[in-house]
Amino acid sequence: MEKSSKAIVYASVAVLSWSTVATAFKIALKSLSYFELILIASCTALFIFTIVLLFQKKLNLVRSFSGKQWLRFAGIGLLNLVAYYLVLFKAYSMLPAQIAQPINYSWPILLLIMLAVFTRRPIPIPKYVGLVVSLLGVIFISVGASNSAITGISIPGIFLCLISAVLWASYWMINNKNKEIDGTVSLFMGFLFGTFYLLLAALFVGVNVHNVSSLLAGM
């Protein structure tokens, strides 16, 4: 299979998988705190990436990182995993899933704006138009024709969703400097540091997971 064909297959699987997360978040948050949810998800991801790296024999690449690269991943793990998902899951606990997800998906627009500002490279107007039209389509499908879906909506929840979009766009810009590093290894390092931070925080926050369905949803 050609690379372009593989890319389409992987992208399709990613879209199909990611389309279920809003529902999974809401199921898990019925009996888990947003901190417990991210802790379960992070531990699961770290376990999976460890197995993958062992299978692909890439764990030795981690030992070749410089001190600067370790520090960068330490920051990425704090930004993308801890800060981003804590804010996002808190927003999901305050908003209907069909409202929270479209707002969070404003991050591509923010990313384009940030790239234009920091790289000083003009972004073609049609790209902005395309993103806005796509986002409005998702919002229309999510909210529907009636106003009942937005009655009593949490303003702080919307604000947190927008912050999560900014955090995610920032992560993309910072992680762009890791192009020379294997993608799987890069993700492993992010989850390694993120899980470490979360486990450390769990000593002070406390964790009480007793619902199997919520545990599976988090995983």
# chains A, B, ... in the order shown; residues from 1 in each chain; ligands from 1
>>> select_by_dssp(residues="segment 65-130 of chain A", states="alpha helix (DSSP H)", output="compact mmCIF listing (two decimals) with N, CA and C atoms, in the first residue's frame")
# COMPACT_ATOMS: atom_id res chain seq x y z
N GLY A 67 19.82 16.50 26.90
CA GLY A 67 19.16 17.12 28.03
C GLY A 67 18.11 18.13 27.60
N LYS A 68 18.40 18.87 26.54
CA LYS A 68 17.46 19.86 26.03
C LYS A 68 16.18 19.20 25.53
N GLN A 69 16.33 18.05 24.88
CA GLN A 69 15.16 17.33 24.38
C GLN A 69 14.31 16.79 25.54
N TRP A 70 14.97 16.30 26.60
CA TRP A 70 14.24 15.83 27.77
C TRP A 70 13.44 16.96 28.40
N LEU A 71 14.04 18.13 28.48
CA LEU A 71 13.34 19.30 29.05
C LEU A 71 12.16 19.70 28.18
N ARG A 72 12.34 19.62 26.86
CA ARG A 72 11.25 19.96 25.95
C ARG A 72 10.08 19.02 26.14
N PHE A 73 10.38 17.72 26.26
CA PHE A 73 9.30 16.75 26.46
C PHE A 73 8.65 16.91 27.84
N ALA A 74 9.44 17.33 28.81
CA ALA A 74 8.88 17.59 30.14
C ALA A 74 7.84 18.71 30.05
N GLY A 75 8.13 19.73 29.25
CA GLY A 75 7.18 20.82 29.05
C GLY A 75 5.98 20.40 28.23
N ILE A 76 6.22 19.59 27.20
CA ILE A 76 5.13 19.11 26.34
C ILE A 76 4.17 18.24 27.14
N TYR A 85 -5.86 18.52 28.94
CA TYR A 85 -6.95 17.60 29.22
C TYR A 85 -7.67 17.89 30.53
N LEU A 86 -6.98 18.43 31.52
CA LEU A 86 -7.67 18.83 32.74
C LEU A 86 -8.69 19.93 32.43
N VAL A 87 -8.27 20.90 31.63
CA VAL A 87 -9.19 21.98 31.23
C VAL A 87 -10.33 21.42 30.38
N LEU A 88 -9.99 20.55 29.42
CA LEU A 88 -11.00 20.00 28.51
C LEU A 88 -12.02 19.15 29.26
N PHE A 89 -11.56 18.26 30.13
CA PHE A 89 -12.48 17.38 30.85
C PHE A 89 -13.35 18.16 31.83
N LYS A 90 -12.78 19.21 32.43
CA LYS A 90 -13.60 20.07 33.29
C LYS A 90 -14.70 20.72 32.47
N ALA A 91 -14.37 21.15 31.25
CA ALA A 91 -15.37 21.75 30.37
C ALA A 91 -16.45 20.73 30.02
N TYR A 92 -16.05 19.49 29.74
CA TYR A 92 -17.03 18.45 29.40
C TYR A 92 -17.93 18.13 30.59
N SER A 93 -17.42 18.30 31.81
CA SER A 93 -18.26 18.05 32.99
C SER A 93 -19.29 19.15 33.19
N MET A 94 -19.12 20.29 32.50
CA MET A 94 -20.01 21.43 32.66
C MET A 94 -20.92 21.65 31.46
N ALA A 97 -22.09 17.14 25.70
CA ALA A 97 -21.00 16.69 24.82
C ALA A 97 -21.10 17.30 23.43
N GLN A 98 -22.34 17.42 22.91
CA GLN A 98 -22.51 17.95 21.55
C GLN A 98 -22.20 19.43 21.45
N ILE A 99 -22.09 20.11 22.60
CA ILE A 99 -21.71 21.52 22.61
C ILE A 99 -20.21 21.67 22.81
N ALA A 100 -19.68 20.87 23.75
CA ALA A 100 -18.26 20.99 24.11
C ALA A 100 -17.34 20.63 22.95
N GLN A 101 -17.67 19.55 22.24
CA GLN A 101 -16.74 19.09 21.20
C GLN A 101 -16.59 20.08 20.05
N PRO A 102 -17.68 20.66 19.50
CA PRO A 102 -17.48 21.64 18.42
C PRO A 102 -16.68 22.87 18.85
N ILE A 103 -16.91 23.35 20.08
CA ILE A 103 -16.16 24.51 20.56
C ILE A 103 -14.68 24.17 20.66
N ASN A 104 -14.38 22.99 21.17
CA ASN A 104 -12.99 22.55 21.28
C ASN A 104 -12.34 22.44 19.90
N TRP A 107 -9.76 24.81 17.53
CA TRP A 107 -8.30 24.93 17.62
C TRP A 107 -7.61 25.05 16.26
N PRO A 108 -8.08 24.43 15.17
CA PRO A 108 -7.37 24.64 13.90
C PRO A 108 -7.37 26.10 13.46
N ILE A 109 -8.48 26.81 13.73
CA ILE A 109 -8.55 28.23 13.38
C ILE A 109 -7.55 29.01 14.21
N LEU A 110 -7.51 28.73 15.51
CA LEU A 110 -6.56 29.40 16.40
C LEU A 110 -5.13 29.09 16.00
N LEU A 111 -4.89 27.84 15.58
CA LEU A 111 -3.54 27.46 15.16
C LEU A 111 -3.10 28.26 13.94
N LEU A 112 -3.99 28.42 12.97
CA LEU A 112 -3.65 29.21 11.78
C LEU A 112 -3.32 30.65 12.16
N ILE A 113 -4.12 31.22 13.06
CA ILE A 113 -3.89 32.59 13.49
C ILE A 113 -2.55 32.71 14.20
N MET A 114 -2.25 31.77 15.10
CA MET A 114 -1.00 31.80 15.85
C MET A 114 0.20 31.62 14.94
N LEU A 115 0.06 30.74 13.95
CA LEU A 115 1.15 30.54 12.99
C LEU A 115 1.41 31.80 12.19
N ALA A 116 0.33 32.47 11.81
CA ALA A 116 0.48 33.71 11.04
C ALA A 116 1.18 34.78 11.87
N VAL A 117 0.87 34.81 13.19
CA VAL A 117 1.44 35.84 14.07
C VAL A 117 2.90 35.56 14.38
N PHE A 118 3.20 34.31 14.78
CA PHE A 118 4.54 33.99 15.26
C PHE A 118 5.54 33.69 14.14
N THR A 119 5.07 33.16 13.02
CA THR A 119 5.98 32.88 11.92
C THR A 119 6.00 34.00 10.89
N ILE A 125 -6.67 33.54 2.79
CA ILE A 125 -8.02 33.75 3.30
C ILE A 125 -8.92 32.53 3.06
N PRO A 126 -8.84 31.86 1.90
CA PRO A 126 -9.72 30.69 1.69
C PRO A 126 -9.57 29.61 2.76
N LYS A 127 -8.37 29.49 3.35
CA LYS A 127 -8.18 28.49 4.41
C LYS A 127 -9.01 28.85 5.64
N TYR A 128 -9.01 30.14 6.01
CA TYR A 128 -9.82 30.58 7.13
C TYR A 128 -11.30 30.35 6.84
N VAL A 129 -11.71 30.69 5.63
CA VAL A 129 -13.11 30.53 5.25
C VAL A 129 -13.52 29.07 5.33
N GLY A 130 -12.67 28.19 4.81
CA GLY A 130 -12.98 26.76 4.82
C GLY A 130 -13.12 26.22 6.24
>>> residues_around(residues="segment 210-215 of chain A", least_positions_apart="4", cutoff="10 Å", atoms="only C-alpha atoms", output="ChimeraX atom specification")
/A:24-32,36-37,40-41,219
>>> write_last_selection(atoms="N, CA and C atoms", output="short mmCIF file (atom, residue, chain, number, x, y, z; two decimals), in the first residue's frame")
data_model
loop_
_atom_site.label_atom_id
_atom_site.label_comp_id
_atom_site.auth_asym_id
_atom_site.auth_seq_id
_atom_site.Cartn_x
_atom_site.Cartn_y
_atom_site.Cartn_z
N ALA A 24 -17.80 8.97 25.31
CA ALA A 24 -17.01 8.27 26.34
C ALA A 24 -16.69 9.19 27.51
N PHE A 25 -16.37 10.44 27.22
CA PHE A 25 -16.09 11.42 28.29
C PHE A 25 -17.29 11.54 29.23
N LYS A 26 -18.49 11.70 28.65
CA LYS A 26 -19.68 11.92 29.46
C LYS A 26 -20.04 10.69 30.29
N ILE A 27 -19.83 9.49 29.72
CA ILE A 27 -20.08 8.26 30.47
C ILE A 27 -19.14 8.18 31.66
N ALA A 28 -17.86 8.44 31.41
CA ALA A 28 -16.86 8.34 32.47
C ALA A 28 -17.08 9.39 33.55
N LEU A 29 -17.46 10.59 33.14
CA LEU A 29 -17.61 11.69 34.09
C LEU A 29 -18.85 11.58 34.97
N LYS A 30 -19.71 10.59 34.70
CA LYS A 30 -20.86 10.36 35.57
C LYS A 30 -20.43 9.92 36.96
N SER A 31 -19.32 9.19 37.05
CA SER A 31 -18.87 8.70 38.36
C SER A 31 -17.38 8.93 38.61
N LEU A 32 -16.71 9.60 37.67
CA LEU A 32 -15.30 9.94 37.85
C LEU A 32 -15.13 11.45 37.86
N GLU A 36 -9.55 12.07 37.70
CA GLU A 36 -9.50 10.60 37.64
C GLU A 36 -9.59 10.11 36.21
N LEU A 37 -10.39 10.78 35.39
CA LEU A 37 -10.53 10.38 33.99
C LEU A 37 -9.22 10.53 33.23
N ILE A 40 -6.63 7.83 34.35
CA ILE A 40 -6.89 6.51 33.77
C ILE A 40 -6.49 6.48 32.30
N ALA A 41 -6.90 7.51 31.56
CA ALA A 41 -6.60 7.56 30.12
C ALA A 41 -5.09 7.65 29.87
N MET A 219 -10.45 4.27 29.87
CA MET A 219 -9.43 3.53 29.12
C MET A 219 -9.65 3.68 27.63
#
>>> atom_distance(atom1="atom CA of Gly137 of chain A", atom2="atom CA of Val15 of chain A")
16.3 Å
>>> residues_around(residues="segment 184-187 of chain A", least_positions_apart="2", cutoff="8 Å", atoms="only C-alpha atoms", output="ChimeraX atom specification")
/A:49,53,58-59,61-62,73,178,181-182,189-191
>>> residues_around(residues="segment 154-158 of chain A", least_positions_apart="2", cutoff="7 Å", atoms="only C-alpha atoms", output="list in words")
Ala91, Met94, Leu95, Gly152, Leu160, Cys161 and Leu162 of chain A
>>> write_last_selection(atoms="N, CA, C and O atoms", output="tab-separated table (two decimals), in the first residue's frame")
chain	number	residue	atom	x	y	z
A	91	ALA	N	-14.37	21.15	31.25
A	91	ALA	CA	-15.37	21.75	30.37
A	91	ALA	C	-16.45	20.73	30.02
A	91	ALA	O	-17.65	21.06	30.00
A	94	MET	N	-19.12	20.29	32.50
A	94	MET	CA	-20.01	21.43	32.66
A	94	MET	C	-20.92	21.65	31.46
A	94	MET	O	-21.88	22.42	31.54
A	95	LEU	N	-20.63	20.98	30.33
A	95	LEU	CA	-21.37	21.21	29.10
A	95	LEU	C	-21.89	19.91	28.51
A	95	LEU	O	-21.32	18.83	28.75
A	152	GLY	N	-29.64	27.36	29.06
A	152	GLY	CA	-28.95	27.15	30.33
A	152	GLY	C	-27.52	26.69	30.17
A	152	GLY	O	-26.97	26.05	31.07
A	160	LEU	N	-13.76	27.56	29.18
A	160	LEU	CA	-12.76	26.51	29.37
A	160	LEU	C	-12.50	25.76	28.06
A	160	LEU	O	-11.36	25.38	27.75
A	161	CYS	N	-13.55	25.54	27.27
A	161	CYS	CA	-13.39	24.88	25.98
A	161	CYS	C	-12.50	25.72	25.06
A	161	CYS	O	-11.65	25.18	24.33
A	162	LEU	N	-12.70	27.01	25.07
A	162	LEU	CA	-11.88	27.89	24.23
A	162	LEU	C	-10.43	27.89	24.71
A	162	LEU	O	-9.50	27.90	23.89
>>> atom_distance(atom1="atom CA of Ala83 of chain A", atom2="atom CA of Leu203 of chain A")
17.7 Å
>>> decode(residues="segment 30-184 of chain A", atoms="C-alpha atoms", output="short mmCIF file (atom, residue, chain, number, x, y, z; two decimals), in the first residue's frame")
data_model
loop_
_atom_site.label_atom_id
_atom_site.label_comp_id
_atom_site.auth_asym_id
_atom_site.auth_seq_id
_atom_site.Cartn_x
_atom_site.Cartn_y
_atom_site.Cartn_z
CA LYS A 30 -20.86 10.36 35.57
CA SER A 31 -18.87 8.70 38.36
CA LEU A 32 -15.30 9.94 37.85
CA SER A 33 -13.79 13.33 38.48
CA TYR A 34 -12.11 14.94 35.49
CA PHE A 35 -8.75 14.32 37.22
CA GLU A 36 -9.50 10.60 37.64
CA LEU A 37 -10.53 10.38 33.99
CA ILE A 38 -7.32 11.87 32.65
CA LEU A 39 -5.25 9.72 35.02
CA ILE A 40 -6.89 6.51 33.77
CA ALA A 41 -6.60 7.56 30.12
CA SER A 42 -2.96 8.61 30.50
CA CYS A 43 -1.90 5.40 32.25
CA THR A 44 -3.66 3.39 29.53
CA ALA A 45 -1.93 5.32 26.74
CA LEU A 46 1.49 5.04 28.39
CA PHE A 47 1.04 1.28 28.75
CA ILE A 48 0.03 0.91 25.08
CA PHE A 49 2.91 3.05 23.80
CA THR A 50 5.40 1.13 25.96
CA ILE A 51 4.23 -2.17 24.43
CA VAL A 52 4.38 -0.68 20.92
CA LEU A 53 7.93 0.62 21.43
CA LEU A 54 9.05 -2.73 22.84
CA PHE A 55 7.53 -4.49 19.85
CA GLN A 56 9.14 -2.04 17.40
CA LYS A 57 12.44 -2.09 19.34
CA LYS A 58 12.51 1.70 19.63
CA LEU A 59 12.94 2.16 23.37
CA ASN A 60 16.69 2.54 22.84
CA LEU A 61 15.96 5.81 20.97
CA VAL A 62 14.87 7.37 24.27
CA ARG A 63 18.36 7.00 25.72
CA SER A 64 19.83 9.00 22.84
CA PHE A 65 17.93 12.21 23.71
CA SER A 66 19.90 15.25 24.83
CA GLY A 67 19.16 17.12 28.03
CA LYS A 68 17.46 19.86 26.03
CA GLN A 69 15.16 17.33 24.38
CA TRP A 70 14.24 15.83 27.77
CA LEU A 71 13.34 19.30 29.05
CA ARG A 72 11.25 19.96 25.95
CA PHE A 73 9.30 16.75 26.46
CA ALA A 74 8.88 17.59 30.14
CA GLY A 75 7.18 20.82 29.05
CA ILE A 76 5.13 19.11 26.34
CA GLY A 77 3.84 16.50 28.81
CA LEU A 78 2.74 19.27 31.16
CA LEU A 79 1.10 21.32 28.39
CA ASN A 80 -0.59 18.78 26.16
CA LEU A 81 -1.48 16.03 28.58
CA VAL A 82 -1.98 17.64 31.98
CA ALA A 83 -3.05 21.25 31.34
CA TYR A 84 -4.97 20.62 28.12
CA TYR A 85 -6.95 17.60 29.22
CA LEU A 86 -7.67 18.83 32.74
CA VAL A 87 -9.19 21.98 31.23
CA LEU A 88 -11.00 20.00 28.51
CA PHE A 89 -12.48 17.38 30.85
CA LYS A 90 -13.60 20.07 33.29
CA ALA A 91 -15.37 21.75 30.37
CA TYR A 92 -17.03 18.45 29.40
CA SER A 93 -18.26 18.05 32.99
CA MET A 94 -20.01 21.43 32.66
CA LEU A 95 -21.37 21.21 29.10
CA PRO A 96 -23.37 18.79 26.92
CA ALA A 97 -21.00 16.69 24.82
CA GLN A 98 -22.51 17.95 21.55
CA ILE A 99 -21.71 21.52 22.61
CA ALA A 100 -18.26 20.99 24.11
CA GLN A 101 -16.74 19.09 21.20
CA PRO A 102 -17.48 21.64 18.42
CA ILE A 103 -16.16 24.51 20.56
CA ASN A 104 -12.99 22.55 21.28
CA TYR A 105 -12.62 21.99 17.54
CA SER A 106 -11.99 25.69 17.02
CA TRP A 107 -8.30 24.93 17.62
CA PRO A 108 -7.37 24.64 13.90
CA ILE A 109 -8.55 28.23 13.38
CA LEU A 110 -6.56 29.40 16.40
CA LEU A 111 -3.54 27.46 15.16
CA LEU A 112 -3.65 29.21 11.78
CA ILE A 113 -3.89 32.59 13.49
CA MET A 114 -1.00 31.80 15.85
CA LEU A 115 1.15 30.54 12.99
CA ALA A 116 0.48 33.71 11.04
CA VAL A 117 1.44 35.84 14.07
CA PHE A 118 4.54 33.99 15.26
CA THR A 119 5.98 32.88 11.92
CA ARG A 120 4.96 36.10 10.16
CA ARG A 121 3.71 34.12 7.20
CA PRO A 122 0.37 35.23 5.74
CA ILE A 123 -2.29 32.53 5.67
CA PRO A 124 -4.52 32.44 2.56
CA ILE A 125 -8.02 33.75 3.30
CA PRO A 126 -9.72 30.69 1.69
CA LYS A 127 -8.18 28.49 4.41
CA TYR A 128 -9.82 30.58 7.13
CA VAL A 129 -13.11 30.53 5.25
CA GLY A 130 -12.98 26.76 4.82
CA LEU A 131 -12.27 26.16 8.51
CA VAL A 132 -15.01 28.51 9.68
CA VAL A 133 -17.58 26.97 7.32
CA SER A 134 -16.63 23.46 8.46
CA LEU A 135 -16.85 24.45 12.12
CA LEU A 136 -20.22 26.12 11.65
CA GLY A 137 -21.47 22.96 9.97
CA VAL A 138 -20.43 20.84 12.94
CA ILE A 139 -22.08 23.30 15.36
CA PHE A 140 -25.31 23.29 13.33
CA ILE A 141 -25.43 19.49 13.32
CA SER A 142 -24.64 19.35 17.06
CA VAL A 143 -27.12 22.00 18.22
CA GLY A 144 -29.87 21.29 15.73
CA ALA A 145 -32.61 23.57 14.52
CA SER A 146 -34.08 24.33 17.96
CA ASN A 147 -32.67 26.45 20.75
CA SER A 148 -33.34 23.82 23.42
CA ALA A 149 -29.77 22.47 23.21
CA ILE A 150 -28.26 25.79 24.25
CA THR A 151 -30.73 26.67 27.02
CA GLY A 152 -28.95 27.15 30.33
CA ILE A 153 -25.52 26.53 28.79
CA SER A 154 -22.55 27.10 31.10
CA ILE A 155 -20.58 30.21 30.15
CA PRO A 156 -17.54 29.12 32.25
CA GLY A 157 -17.71 25.77 30.40
CA ILE A 158 -17.55 27.54 27.04
CA PHE A 159 -14.63 29.64 28.27
CA LEU A 160 -12.76 26.51 29.37
CA CYS A 161 -13.39 24.88 25.98
CA LEU A 162 -11.88 27.89 24.23
CA ILE A 163 -8.86 27.78 26.56
CA SER A 164 -8.40 24.09 25.73
CA ALA A 165 -8.38 25.00 22.02
CA VAL A 166 -5.64 27.57 22.66
CA LEU A 167 -3.61 25.03 24.66
CA TRP A 168 -3.91 22.43 21.89
CA ALA A 169 -2.89 24.90 19.18
CA SER A 170 0.11 25.91 21.33
CA TYR A 171 1.09 22.26 21.69
CA TRP A 172 1.07 21.81 17.93
CA MET A 173 3.39 24.76 17.49
CA ILE A 174 5.84 23.58 20.15
CA ASN A 175 5.76 19.94 19.09
CA ASN A 176 6.53 21.01 15.53
CA LYS A 177 10.16 21.30 16.66
CA ASN A 178 10.25 17.51 17.16
CA LYS A 179 9.95 16.66 13.47
CA GLU A 180 13.26 14.79 13.52
CA ILE A 181 12.06 12.48 16.30
CA ASP A 182 10.07 9.31 15.60
CA GLY A 183 6.35 10.08 16.07
CA THR A 184 5.65 7.07 18.29
#
